[in-house]
Amino acid sequence: MASVFGKPRAGGGPQSAPLEVNLAILGRRGAGKSALTVKFLTRRFISEYDPNLEDTYSSEETVDHQPVHLRVMDTADLDTPRNCERYLNWAHAFLVVYSVDSRQSFEGSSSYLELLALHAKETQRSFPALLLGNKLDMAQYRQVTQAEGAALAGRFGCLFFEVSACLDFEHVQHVFHEAVREARRELEKNSLARPLFISEERAVHHQTPLTARHGLASCTFNTLSTTSLKEMPAVAQAKLVTVKSSRAQSKRKAPTLTLLKGFKIF
Ligand SMILES: Nc1nc2c(ncn2[C@@H]2O[C@H](COP(=O)(O)OP(=O)(O)OP(=O)(O)O)[C@@H](O)[C@H]2O)c(=O)[nH]1
């Protein structure tokens, strides 16, 4: 990571305007979404988090000598995807996390990948996703083989990595940077730098619950259209996360680590 979380180190690459990339981390409770997020942002493994809080963090990164303003939404969906539009309409790329020692979390990751595939079909856009088999350090309790993870990733055409939030930082950083590369490729390919739009008059008619059509997840999302549109509020005003105060309390129970919404650690 070429920046101390929140500000780039000297020599962090050419001073062009940083590309903005939004990354959402999805997966069943306990898969390790928060631990991976905090490892990437702080190089530390923190063991306990409050499972109910959802936070969005920001970090100035340098990926392949290019500055990137990276936002990471550490979601908290409980056990199945719900109210998905908060991340489906926000993220440029997704990390779908399961734990190699939990068959249930692996099946949960398959539901998320199916949801993302449906969203891509509905919006006629493609969204890079990376499948992560976390807790590799617990391989002796494996319930999901590497081959099964690779096969699932292959089915959805996404990259696959096995990682551990409590082992080396470089491996976790590599995965986040791979997600940025995938998002950047997609943005450059589809020049998606334009802000997302939502239909004003037609939002109600276009809300089509996925459960009605696909029995998959209790998620609904607006079908995006480009006529008579109002620009979506900037991320800072949008209610993307449950955090209301000026401090983004991390999900860990212990009071020692708090992440300021102003994107720095202290
Ligand atoms: N051994 C090991 N434990 C991990 C790893 N990643 C997370 N954990 C532990 O697994 C538990 C769940 O981790 P979280 O990061 O809270 O998982 P989560 O997906 O954010 O789950 P929720 O907070 O419920 O949404 C915690 O006790 C972590 O310490 C890992 O790579 N290895």
# chains A, B, ... in the order shown; residues from 1 in each chain; ligands from 1
>>> residues_near_ligand(ligand="ligand 1", cutoff="9 Å", atoms="only C-alpha atoms and all ligand atoms", output="PyMOL selection string")
chain A and resi 25-38+45-54+74-79+97-99+134-138+163-167+251-252
>>> closest_residue(among="A:Glu170, A:Glu162, A:Glu20, A:Glu148", to="His92 in chain A", atoms="only C-alpha atoms")
A:Glu20
>>> residues_around(residues="Phe127 in chain A", least_positions_apart="6", cutoff="8 Å", atoms="only C-alpha atoms", output="list of chain:residue names")
A:His92, A:Ala93, A:Phe94, A:Leu116, A:Ala120, A:Ala183, A:Glu186
>>> residues_around(residues="Val175 in chain A", least_positions_apart="4", cutoff="9 Å", atoms="only C-alpha atoms", output="list in words")
Leu95, Leu130, Leu132, Phe161, Val163, Glu170, His171, Ala179 and Val180 of chain A
>>> write_last_selection(atoms="all heavy atoms", output="PDB file, in the first residue's frame")
ATOM      1  N   LEU A  95     -16.025  -7.673  -3.738  1.00  0.00           N
ATOM      2  CA  LEU A  95     -15.285  -8.802  -3.166  1.00  0.00           C
ATOM      3  C   LEU A  95     -16.330  -9.666  -2.484  1.00  0.00           C
ATOM      4  O   LEU A  95     -17.045  -9.206  -1.598  1.00  0.00           O
ATOM      5  CB  LEU A  95     -14.265  -8.314  -2.125  1.00  0.00           C
ATOM      6  CG  LEU A  95     -13.088  -7.473  -2.632  1.00  0.00           C
ATOM      7  CD1 LEU A  95     -12.165  -7.121  -1.461  1.00  0.00           C
ATOM      8  CD2 LEU A  95     -12.303  -8.196  -3.703  1.00  0.00           C
ATOM      9  N   LEU A 130     -14.593 -10.484  -7.345  1.00  0.00           N
ATOM     10  CA  LEU A 130     -13.523 -11.413  -6.975  1.00  0.00           C
ATOM     11  C   LEU A 130     -14.084 -12.299  -5.873  1.00  0.00           C
ATOM     12  O   LEU A 130     -14.705 -11.794  -4.924  1.00  0.00           O
ATOM     13  CB  LEU A 130     -12.289 -10.670  -6.446  1.00  0.00           C
ATOM     14  CG  LEU A 130     -11.399  -9.939  -7.453  1.00  0.00           C
ATOM     15  CD1 LEU A 130     -12.057  -8.650  -7.935  1.00  0.00           C
ATOM     16  CD2 LEU A 130     -10.035  -9.611  -6.841  1.00  0.00           C
ATOM     17  N   LEU A 132     -13.330 -14.663  -2.752  1.00  0.00           N
ATOM     18  CA  LEU A 132     -12.234 -14.853  -1.799  1.00  0.00           C
ATOM     19  C   LEU A 132     -12.584 -15.971  -0.816  1.00  0.00           C
ATOM     20  O   LEU A 132     -13.623 -15.904  -0.151  1.00  0.00           O
ATOM     21  CB  LEU A 132     -11.992 -13.566  -1.001  1.00  0.00           C
ATOM     22  CG  LEU A 132     -11.715 -12.281  -1.779  1.00  0.00           C
ATOM     23  CD1 LEU A 132     -11.374 -11.149  -0.811  1.00  0.00           C
ATOM     24  CD2 LEU A 132     -10.585 -12.482  -2.783  1.00  0.00           C
ATOM     25  N   PHE A 161      -9.234 -16.058  -5.156  1.00  0.00           N
ATOM     26  CA  PHE A 161      -8.046 -16.091  -4.310  1.00  0.00           C
ATOM     27  C   PHE A 161      -8.407 -16.732  -2.975  1.00  0.00           C
ATOM     28  O   PHE A 161      -9.530 -16.539  -2.486  1.00  0.00           O
ATOM     29  CB  PHE A 161      -7.555 -14.663  -4.001  1.00  0.00           C
ATOM     30  CG  PHE A 161      -7.111 -13.884  -5.205  1.00  0.00           C
ATOM     31  CD1 PHE A 161      -8.026 -13.095  -5.903  1.00  0.00           C
ATOM     32  CD2 PHE A 161      -5.803 -13.943  -5.657  1.00  0.00           C
ATOM     33  CE1 PHE A 161      -7.632 -12.367  -7.014  1.00  0.00           C
ATOM     34  CE2 PHE A 161      -5.401 -13.222  -6.768  1.00  0.00           C
ATOM     35  CZ  PHE A 161      -6.317 -12.434  -7.447  1.00  0.00           C
ATOM     36  N   VAL A 163      -7.216 -16.446   0.878  1.00  0.00           N
ATOM     37  CA  VAL A 163      -6.456 -15.450   1.668  1.00  0.00           C
ATOM     38  C   VAL A 163      -6.657 -15.729   3.156  1.00  0.00           C
ATOM     39  O   VAL A 163      -7.419 -16.611   3.538  1.00  0.00           O
ATOM     40  CB  VAL A 163      -6.957 -14.015   1.374  1.00  0.00           C
ATOM     41  CG1 VAL A 163      -6.625 -13.581  -0.027  1.00  0.00           C
ATOM     42  CG2 VAL A 163      -8.463 -13.889   1.638  1.00  0.00           C
ATOM     43  N   GLU A 170       0.620  -8.390   2.552  1.00  0.00           N
ATOM     44  CA  GLU A 170       0.838  -8.207   1.100  1.00  0.00           C
ATOM     45  C   GLU A 170      -0.194  -8.975   0.281  1.00  0.00           C
ATOM     46  O   GLU A 170      -0.667  -8.520  -0.750  1.00  0.00           O
ATOM     47  CB  GLU A 170       2.262  -8.651   0.715  1.00  0.00           C
ATOM     48  CG  GLU A 170       3.356  -7.656   1.119  1.00  0.00           C
ATOM     49  CD  GLU A 170       3.517  -7.572   2.634  1.00  0.00           C
ATOM     50  OE1 GLU A 170       3.147  -8.558   3.316  1.00  0.00           O
ATOM     51  OE2 GLU A 170       3.978  -6.531   3.138  1.00  0.00           O
ATOM     52  N   HIS A 171      -0.550 -10.172   0.772  1.00  0.00           N
ATOM     53  CA  HIS A 171      -1.514 -10.992   0.017  1.00  0.00           C
ATOM     54  C   HIS A 171      -2.894 -10.331   0.018  1.00  0.00           C
ATOM     55  O   HIS A 171      -3.581 -10.253  -1.000  1.00  0.00           O
ATOM     56  CB  HIS A 171      -1.599 -12.385   0.665  1.00  0.00           C
ATOM     57  CG  HIS A 171      -2.061 -13.449  -0.290  1.00  0.00           C
ATOM     58  ND1 HIS A 171      -1.908 -14.786  -0.040  1.00  0.00           N
ATOM     59  CD2 HIS A 171      -2.685 -13.370  -1.488  1.00  0.00           C
ATOM     60  CE1 HIS A 171      -2.405 -15.474  -1.046  1.00  0.00           C
ATOM     61  NE2 HIS A 171      -2.885 -14.649  -1.937  1.00  0.00           N
ATOM     62  N   ALA A 179      -8.816  -5.953  -7.319  1.00  0.00           N
ATOM     63  CA  ALA A 179     -10.202  -5.468  -7.479  1.00  0.00           C
ATOM     64  C   ALA A 179     -10.199  -4.063  -8.092  1.00  0.00           C
ATOM     65  O   ALA A 179     -10.999  -3.746  -8.977  1.00  0.00           O
ATOM     66  CB  ALA A 179     -10.909  -5.464  -6.129  1.00  0.00           C
ATOM     67  N   VAL A 180      -9.242  -3.242  -7.680  1.00  0.00           N
ATOM     68  CA  VAL A 180      -9.136  -1.882  -8.251  1.00  0.00           C
ATOM     69  C   VAL A 180      -8.774  -1.979  -9.735  1.00  0.00           C
ATOM     70  O   VAL A 180      -9.365  -1.297 -10.580  1.00  0.00           O
ATOM     71  CB  VAL A 180      -8.071  -1.059  -7.496  1.00  0.00           C
ATOM     72  CG1 VAL A 180      -7.751   0.238  -8.243  1.00  0.00           C
ATOM     73  CG2 VAL A 180      -8.544  -0.749  -6.076  1.00  0.00           C
TER      74      VAL A 180
END
>>> atom_distance(atom1="CA of Leu41 in chain A", atom2="CA of Phe160 in chain A")
21.0 Å
>>> atom_distance(atom1="CA of Gln143 in chain A", atom2="CA of Gly157 in chain A")
22.6 Å
>>> select_by_dssp(residues="range 25-208 of chain A", states="strand (DSSP E)", output="VMD selection string")
chain A and resid 25 to 26 55 to 63 66 to 74 93 to 99 129 to 134 159 to 162 197 to 199
>>> closest_residue(among="A:Val63, A:Ala24, A:Leu152, A:Leu115", to="Trp90 in chain A", atoms="only C-alpha atoms")
A:Ala24
>>> closest_residue(among="A:Cys158, A:Val100, A:Val172, A:Val68", to="Gln140 in chain A", atoms="only C-alpha atoms")
A:Val100
>>> atom_distance(atom1="CA of Ser59 in chain A", atom2="CA of Arg184 in chain A")
15.9 Å
>>> closest_residue(among="A:Leu88, A:Pro67, A:Phe169, A:Arg185", to="Leu118 in chain A", atoms="only C-alpha atoms")
A:Leu88
>>> select_by_dssp(residues="range 8-180 of chain A", states="helix (DSSP H, G or I)", output="NGL selection string")
:A and (33-42 or 85-88 or 103-123 or 136-141 or 146-155 or 169-180)
